[in-house]
Structures are given as C-alpha cells and as structure tokens.
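This report concerns only the one structure given below.
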Amino acid sequence: MKRDAAFYFANLGADVTRCAHAAKSGDEARYDDSLARAYRTLHELRKTARPEAYEEGLLMLRGLALSRATPEALAAFQSSLNSLIGAFSARLSA
Amino acid sequence: MTDRLRENFRATARKLLLTESTPSARNRNPSVARATQGMPAMRYNLRMRIIIVREPVDESTLSALAEEWHHALVKGVADIEQGIAALGGEWHMDANNRLVEEGSRQENLWGFNVYPKERGDAAIEYISLINIRPAQGNRGMEIENDETRTAVRKTVAKAIPFLGL
C-alpha cells in the first residue's frame with residue numbers, strides 16, 4: 001500500500017482516537033504515550049510535502065487538546081473524528 | 001556480468017519485492033521468483049517484522065515486539081474465524097495484509113493493541129483504522145459490537161495467555 005498523505009492522515013486519526021480514549025479513561029501515561037505516537041505520525045505526514053494535510057493534522061491535535069475540557073466535548077470530538085477518518089479509510093481500502 | 005549490471009539486476013529485483021512482499025507471493029510470480037533466486041527474502045518495508053501467532057507467545061517475544069516498534073504497546077490483528085493473530089509492525093494495515101496473504105478473509109480481521117506490561121482489561125484496546133467497516137456495522141475505529149469484541153479478546157487470550165484476558 002502506498003504511504004501517502006491520506007495514509008498518514010488516517011493513521012494520525014487512529015493515534016488521536018487512542019489519545020481521546022485514554023483521556024476518557026483518565027489514563028495520563030497512556031495519553032502521553034499515544035500523543036507521542038501521534039506526533040511521530042504527524043512528522044511522517046509532514047514529509048509527504050502536502051502542507052494542507054499537515055495543517056489539518058495540526059488542527060486535529062489542537063482539537064483533541066481543546067476537547068479534553070469536558071466529557072461532552074471529548075465525546076463530540078470523537079464522533080466527528082470517526083466521521084472524518086471514515087472517509088479516508090474508505091479511500092485507503094478502495 | 002559486470003558489477004554495474006549486477007547492481008542493476010539487484011535493483012530491479014528489489015523493486016519487484018516492493019510489491020511482492022512475501023516468499024509465497026514470490027512463488028506465485030515466476031518473474032519475481034527468477035529475479036530473486038538465491039537472494040534472501042525481503043519485505044516491502046524492510047523494518048517490518050510481524051509474526052503470525054498460531055501457538056501462544058511468551059512474554060519475552062511480546063516484549064521484543066514492543067521494543068522494536070511502539071515500546072508501550074504492540075499492534076495486532078485478529079482473525080476471529082481462524083483464531084489466529086498477527087502481532088507487530090508499525091501500522092495495523094501491515095499485519096492485516098500479512099494475514100490476508102496467509103489466506104484470511106478481510107471481514108474476519110479486526111485490529112487491536114496490547115500493552116505488555118498491563119494485565120486484564122487494561123492490557124487490550126480495540127482501536128484501529130482497519131476497524132472502520134460500515135458494511136459490517138462498525139462505523140468507528142473502536143470495535144462496537146460486543147460479540148466481535150469477545151471474539152477478538154478470545155483470539156488474543158489464546159495467542160497471549162499471560163495477559164490474563
């Protein structure tokens with residue numbers, strides 16, 4: 001499979017979902033670990049020379065940080081993230 | 001054969017291996033088999049080391065996989081029909097593709113992560129990009145269906161018994 005911007009962006013979404021899951025469980029160690037992995041994936045995304053995808057990736061991480069304020073915001077963020085990444089996932093498996 | 005020709009030959013063979021990653025795939029493609037005769041098997045991603053677990057793994061194996069890839073966790077994909085799992089790799093997609101190459105059907109494959117230092121519920125999570133399967137009723141990255149989760153858990157418990165799942 002081609003490792004292009006769509007591939008890394010979708011996998012960034014999976015990393016961020018793991019972050020959100022850890023935040024929901026109150027597991028700070030696992031959150032930090034998943035966040036470190038998300039930044040590594042973001043770095044790979046940056047190397048694809050698709051600045052707009054990288055910008056969106058940064059926004060995704062910012063959204064995660066902001067959504068941690070309340071459980072409701074976190075749940076809404078997770079739901080939106082699933083919808084967004086679902087579209088990329090379909091594209092990857094096409 | 002001059003050194004330059006030999007290098008070209010090896011470069012071509014390697015290029016072929018970028019798309020034909022496994023020995024079984026090489027055997028299916030005569031041109032790849034010819035070009036790579038006598039060469040050691042290579043994966044399309046040279047860092048990829050994924051194991052197909054048919055017999056239980058021990059703690060040291062799981063730790064080694066964690067050390068090689070993500071340290072705190074090991075990514076894996078379970079074939080809930082055959083009761084086998086692929087462990088390791090940087091991306092779930094790599095383990096998924098290995099199982100498909102081994103004959104697994106995509107609809108039976110589900111992604112998970114295991115945490116070697118944890119036990120019980122904390123040792124497993126069911127989040128993976130490959131779990132987005134709207135046609136099978138799973139719209140998110142986390143496995144939502146209880147039966148599917150149970151089947152994945154059973155498969156992982158069989159593959160990694162010391163996690164206490």
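In the structure tokens, chains take the letters A, B, ... in the order shown, each chain's residues start at 1, and ligands count up from 1 in the order shown.
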(request) Tell me the residues of chain B close to chain A, meaning within 9 Å using only C-alpha atoms, as an MDAnalysis selection string. (result) chainID B and resid 19 70 72 91 93:94 125 127:130 132:134 139:142
(request) Find the residues near region 74-79 of chain B: any atom within 9 Å, counting only C-alpha atoms, skip ones fewer than 6 places away on the same chain, and give them as a PyMOL selection string. (result) chain B and resi 50+62-63+65-67+85-93+95-96+99+104-116+128+130+151-153+155-156
Generate a file of the selected residues that holds N, CA, C and O atoms, formatted as a compact mmCIF listing (two decimals), in the first residue's frame.
```txt
# COMPACT_ATOMS: atom_id res chain seq x y z
N ILE B 50 6.65 -8.86 11.50
CA ILE B 50 5.34 -9.22 12.02
C ILE B 50 5.29 -10.73 12.17
O ILE B 50 5.76 -11.45 11.29
N LEU B 62 6.74 -10.99 23.20
CA LEU B 62 5.90 -9.78 23.14
C LEU B 62 6.73 -8.54 23.49
O LEU B 62 6.59 -7.49 22.85
N SER B 63 7.58 -8.68 24.48
CA SER B 63 8.43 -7.54 24.87
C SER B 63 9.35 -7.14 23.72
O SER B 63 9.58 -5.96 23.48
N LEU B 65 8.79 -7.52 20.54
CA LEU B 65 7.99 -6.82 19.52
C LEU B 65 7.71 -5.39 19.96
O LEU B 65 7.78 -4.46 19.15
N ALA B 66 7.39 -5.23 21.24
CA ALA B 66 7.12 -3.88 21.75
C ALA B 66 8.37 -3.01 21.62
O ALA B 66 8.30 -1.86 21.17
N GLU B 67 9.49 -3.59 21.97
CA GLU B 67 10.76 -2.86 21.93
C GLU B 67 11.08 -2.42 20.49
O GLU B 67 11.57 -1.32 20.27
N ALA B 85 -3.64 -14.69 15.17
CA ALA B 85 -3.40 -13.25 15.23
C ALA B 85 -2.05 -12.92 14.62
O ALA B 85 -1.14 -13.74 14.63
N ALA B 86 -1.97 -11.72 14.07
CA ALA B 86 -0.67 -11.20 13.61
C ALA B 86 -0.27 -10.12 14.58
O ALA B 86 -1.08 -9.26 14.94
N LEU B 87 0.96 -10.19 15.05
CA LEU B 87 1.45 -9.22 16.04
C LEU B 87 2.66 -8.48 15.50
O LEU B 87 3.54 -9.08 14.88
N GLY B 88 2.71 -7.18 15.82
CA GLY B 88 3.88 -6.39 15.47
C GLY B 88 3.63 -5.52 14.25
O GLY B 88 2.54 -5.50 13.67
N GLY B 89 4.65 -4.78 13.87
CA GLY B 89 4.54 -3.88 12.73
C GLY B 89 4.24 -2.46 13.18
O GLY B 89 3.75 -2.23 14.29
N GLU B 90 4.53 -1.56 12.29
CA GLU B 90 4.31 -0.15 12.63
C GLU B 90 2.84 0.24 12.49
O GLU B 90 2.32 1.05 13.25
N TRP B 91 2.19 -0.34 11.49
CA TRP B 91 0.79 0.02 11.21
C TRP B 91 -0.06 -1.25 11.23
O TRP B 91 0.38 -2.30 10.79
N HIS B 92 -1.31 -1.12 11.67
CA HIS B 92 -2.22 -2.27 11.65
C HIS B 92 -2.37 -2.82 10.23
O HIS B 92 -2.55 -4.01 10.03
N MET B 93 -2.31 -1.92 9.26
CA MET B 93 -2.50 -2.32 7.88
C MET B 93 -1.48 -3.38 7.45
O MET B 93 -1.79 -4.27 6.66
N ALA B 95 0.01 -5.71 9.38
CA ALA B 95 -0.38 -7.01 9.95
C ALA B 95 -1.62 -7.55 9.26
O ALA B 95 -1.73 -8.75 8.98
N ASN B 96 -2.55 -6.64 8.96
CA ASN B 96 -3.76 -7.01 8.22
C ASN B 96 -3.38 -7.65 6.88
O ASN B 96 -3.88 -8.73 6.52
N LEU B 99 -1.96 -11.19 7.14
CA LEU B 99 -2.97 -12.23 7.34
C LEU B 99 -3.75 -12.51 6.05
O LEU B 99 -4.06 -13.66 5.75
N SER B 104 -6.41 -15.26 5.13
CA SER B 104 -7.54 -14.76 5.94
C SER B 104 -8.47 -13.93 5.09
O SER B 104 -8.05 -13.31 4.11
N ARG B 105 -9.75 -13.90 5.50
CA ARG B 105 -10.71 -13.06 4.78
C ARG B 105 -10.87 -11.74 5.54
O ARG B 105 -10.97 -11.73 6.78
N GLN B 106 -10.91 -10.65 4.77
CA GLN B 106 -10.91 -9.32 5.38
C GLN B 106 -12.03 -9.14 6.41
O GLN B 106 -11.83 -8.52 7.46
N GLU B 107 -13.20 -9.69 6.14
CA GLU B 107 -14.32 -9.47 7.06
C GLU B 107 -14.11 -10.12 8.44
O GLU B 107 -14.81 -9.80 9.39
N ASN B 108 -13.13 -11.02 8.53
CA ASN B 108 -12.85 -11.67 9.83
C ASN B 108 -11.70 -11.00 10.58
O ASN B 108 -11.32 -11.46 11.65
N LEU B 109 -11.13 -9.96 10.00
CA LEU B 109 -9.95 -9.35 10.60
C LEU B 109 -10.30 -8.07 11.36
O LEU B 109 -10.97 -7.19 10.83
N TRP B 110 -9.81 -8.00 12.58
CA TRP B 110 -10.09 -6.84 13.43
C TRP B 110 -8.79 -6.43 14.15
O TRP B 110 -8.04 -7.28 14.63
N GLY B 111 -8.60 -5.12 14.24
CA GLY B 111 -7.38 -4.61 14.85
C GLY B 111 -7.51 -4.39 16.35
O GLY B 111 -8.60 -4.10 16.86
N PHE B 112 -6.41 -4.54 17.03
CA PHE B 112 -6.36 -4.32 18.48
C PHE B 112 -4.95 -3.87 18.86
O PHE B 112 -4.03 -3.91 18.04
N ASN B 113 -4.81 -3.43 20.09
CA ASN B 113 -3.48 -3.12 20.63
C ASN B 113 -3.36 -3.82 21.97
O ASN B 113 -4.35 -3.87 22.73
N VAL B 114 -2.20 -4.35 22.26
CA VAL B 114 -1.99 -4.93 23.58
C VAL B 114 -0.83 -4.20 24.28
O VAL B 114 0.11 -3.75 23.63
N TYR B 115 -0.97 -4.10 25.58
CA TYR B 115 0.03 -3.43 26.41
C TYR B 115 0.74 -4.50 27.24
O TYR B 115 0.16 -5.03 28.20
N PRO B 116 1.97 -4.86 26.86
CA PRO B 116 2.66 -5.99 27.51
C PRO B 116 2.82 -5.87 29.03
O PRO B 116 2.88 -6.87 29.72
N SER B 128 -8.44 0.69 16.00
CA SER B 128 -7.58 0.59 14.82
C SER B 128 -8.29 1.18 13.61
O SER B 128 -9.52 1.13 13.51
N ILE B 130 -8.26 -0.06 10.74
CA ILE B 130 -8.87 -1.12 9.93
C ILE B 130 -10.23 -1.56 10.45
O ILE B 130 -10.94 -2.31 9.78
N ALA B 151 -14.97 -12.07 20.54
CA ALA B 151 -14.23 -12.98 19.65
C ALA B 151 -12.77 -12.55 19.52
O ALA B 151 -11.86 -13.39 19.54
N VAL B 152 -12.55 -11.25 19.41
CA VAL B 152 -11.16 -10.75 19.32
C VAL B 152 -10.43 -11.04 20.63
O VAL B 152 -9.29 -11.52 20.64
N ARG B 153 -11.10 -10.76 21.72
CA ARG B 153 -10.48 -10.99 23.03
C ARG B 153 -10.08 -12.46 23.22
O ARG B 153 -9.01 -12.77 23.72
N THR B 155 -9.42 -14.62 20.88
CA THR B 155 -8.29 -14.91 19.98
C THR B 155 -6.98 -14.40 20.60
O THR B 155 -5.96 -15.10 20.59
N VAL B 156 -7.05 -13.19 21.14
CA VAL B 156 -5.83 -12.61 21.74
C VAL B 156 -5.45 -13.37 23.02
O VAL B 156 -4.27 -13.61 23.28
```
(message) So the first atom is CA of Gly103 (chain B) and the second is CA of Arg149 (chain B); what is the distance between them in Å, to one decimal place?
(response)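 Going from CA of Gly103 (chain B) over to CA of Arg149 (chain B) covers 21.8 Å.
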(request) Skip Ala157 (chain B) itself and residues of its chain fewer than 5 positions away, then list as an NGL selection string all residues within 10 Å of it, counting only C-alpha atoms. (result) :B and (56 or 120 or 124 or 151-152 or 162-165)
(request) Please measure the separation of CA of Leu74 (chain A) and CA of Lys47 (chain A), giving the value in Å to one decimal. (result)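 We find that CA of Leu74 (chain A) and CA of Lys47 (chain A) lie 29.1 Å from each other.
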(request) Might you pull out every residue within 9 Å of Lys24 (chain A), with only C-alpha atoms counted and same-chain residues fewer than 3 positions away left off, and present them as a list of chain:residue names? (result)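 Listing them by chain and then by number gives A:Cys19, A:Ala20, A:His21, A:Asp27, A:Arg68, A:Pro71, A:Leu74, A:Ala75.
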(message) Just want the 10 Å neighbourhood of Gly63 (chain A), counted on only C-alpha atoms, with same-chain residues fewer than 2 positions away dropped. Output as a ChimeraX atom specification.
(response) /A:16,57-61,65-68,73-74,77,81
May I have the residues from that selection written out with all heavy atoms, as a short mmCIF file (atom, residue, chain, number, x, y, z; two decimals), in the first residue's frame?
```cif
data_model
loop_
_atom_site.label_atom_id
_atom_site.label_comp_id
_atom_site.auth_asym_id
_atom_site.auth_seq_id
_atom_site.Cartn_x
_atom_site.Cartn_y
_atom_site.Cartn_z
N VAL A 16 -4.90 9.69 17.40
CA VAL A 16 -5.64 10.69 18.19
C VAL A 16 -6.84 10.04 18.88
O VAL A 16 -7.19 10.38 20.01
CB VAL A 16 -6.06 11.88 17.28
CG1 VAL A 16 -7.04 12.80 17.98
CG2 VAL A 16 -4.82 12.66 16.85
N GLY A 57 -3.73 18.10 10.16
CA GLY A 57 -3.25 17.23 11.23
C GLY A 57 -2.98 18.01 12.50
O GLY A 57 -3.33 17.59 13.61
N LEU A 58 -2.38 19.18 12.33
CA LEU A 58 -2.13 20.04 13.49
C LEU A 58 -3.44 20.47 14.14
O LEU A 58 -3.57 20.48 15.37
CB LEU A 58 -1.36 21.31 13.05
CG LEU A 58 0.14 21.18 12.86
CD1 LEU A 58 0.71 22.50 12.31
CD2 LEU A 58 0.85 20.83 14.16
N LEU A 59 -4.42 20.79 13.29
CA LEU A 59 -5.74 21.19 13.81
C LEU A 59 -6.40 20.05 14.58
O LEU A 59 -7.08 20.26 15.58
CB LEU A 59 -6.64 21.65 12.67
CG LEU A 59 -6.32 23.02 12.08
CD1 LEU A 59 -7.17 23.29 10.85
CD2 LEU A 59 -6.54 24.12 13.12
N MET A 60 -6.18 18.83 14.07
CA MET A 60 -6.75 17.66 14.75
C MET A 60 -6.18 17.55 16.18
O MET A 60 -6.92 17.31 17.14
CB MET A 60 -6.41 16.40 13.95
CG MET A 60 -7.21 15.18 14.35
SD MET A 60 -6.52 13.66 13.66
CE MET A 60 -6.82 13.87 11.93
N LEU A 61 -4.88 17.76 16.30
CA LEU A 61 -4.25 17.67 17.62
C LEU A 61 -4.70 18.82 18.53
O LEU A 61 -4.88 18.65 19.73
CB LEU A 61 -2.72 17.67 17.48
CG LEU A 61 -2.17 16.36 16.92
CD1 LEU A 61 -0.71 16.50 16.52
CD2 LEU A 61 -2.30 15.24 17.95
N ALA A 65 -6.75 18.60 22.17
CA ALA A 65 -6.37 19.31 23.39
C ALA A 65 -7.56 20.11 23.93
O ALA A 65 -7.84 20.09 25.14
CB ALA A 65 -5.18 20.23 23.11
N LEU A 66 -8.27 20.79 23.05
CA LEU A 66 -9.41 21.61 23.48
C LEU A 66 -10.57 20.76 23.98
O LEU A 66 -11.25 21.12 24.93
CB LEU A 66 -9.89 22.50 22.32
CG LEU A 66 -8.93 23.61 21.89
CD1 LEU A 66 -9.42 24.28 20.61
CD2 LEU A 66 -8.77 24.65 23.00
N SER A 67 -10.77 19.62 23.34
CA SER A 67 -11.93 18.78 23.70
C SER A 67 -11.78 18.12 25.05
O SER A 67 -12.75 17.60 25.60
CB SER A 67 -12.17 17.72 22.62
OG SER A 67 -11.16 16.73 22.69
N ARG A 68 -10.58 18.12 25.59
CA ARG A 68 -10.38 17.50 26.90
C ARG A 68 -11.03 18.30 28.04
O ARG A 68 -11.09 17.83 29.18
CB ARG A 68 -8.89 17.33 27.20
CG ARG A 68 -8.20 16.35 26.29
CD ARG A 68 -6.78 16.12 26.71
NE ARG A 68 -6.71 15.33 27.93
CZ ARG A 68 -5.61 15.16 28.66
NH1 ARG A 68 -4.50 15.74 28.29
NH2 ARG A 68 -5.62 14.42 29.75
N ALA A 73 -17.52 17.46 25.30
CA ALA A 73 -16.71 17.94 24.17
C ALA A 73 -15.86 16.81 23.62
O ALA A 73 -15.70 16.66 22.40
CB ALA A 73 -15.82 19.10 24.62
N LEU A 74 -15.34 15.98 24.51
CA LEU A 74 -14.49 14.86 24.09
C LEU A 74 -15.31 13.85 23.26
O LEU A 74 -14.85 13.36 22.22
CB LEU A 74 -13.88 14.17 25.32
CG LEU A 74 -12.74 13.20 25.06
CD1 LEU A 74 -11.57 13.86 24.37
CD2 LEU A 74 -12.28 12.58 26.38
N PHE A 77 -16.00 15.33 19.91
CA PHE A 77 -14.77 15.30 19.11
C PHE A 77 -14.54 13.90 18.53
O PHE A 77 -14.22 13.74 17.35
CB PHE A 77 -13.59 15.74 19.97
CG PHE A 77 -12.26 15.63 19.27
CD1 PHE A 77 -11.89 16.55 18.29
CD2 PHE A 77 -11.36 14.61 19.59
CE1 PHE A 77 -10.66 16.45 17.64
CE2 PHE A 77 -10.14 14.51 18.95
CZ PHE A 77 -9.79 15.42 17.96
N LEU A 81 -14.39 12.90 14.67
CA LEU A 81 -13.14 12.29 14.17
C LEU A 81 -13.44 10.99 13.43
O LEU A 81 -12.89 10.73 12.36
CB LEU A 81 -12.21 12.03 15.36
CG LEU A 81 -10.78 11.62 15.05
CD1 LEU A 81 -10.08 12.68 14.21
CD2 LEU A 81 -10.00 11.40 16.34
#
```
(request) May I ask for the distance between CA of Arg50 (chain A) and CA of Arg3 (chain A), given in Å to one decimal place? (result)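 Taking CA of Arg50 (chain A) and CA of Arg3 (chain A), their separation equals 12.7 Å.
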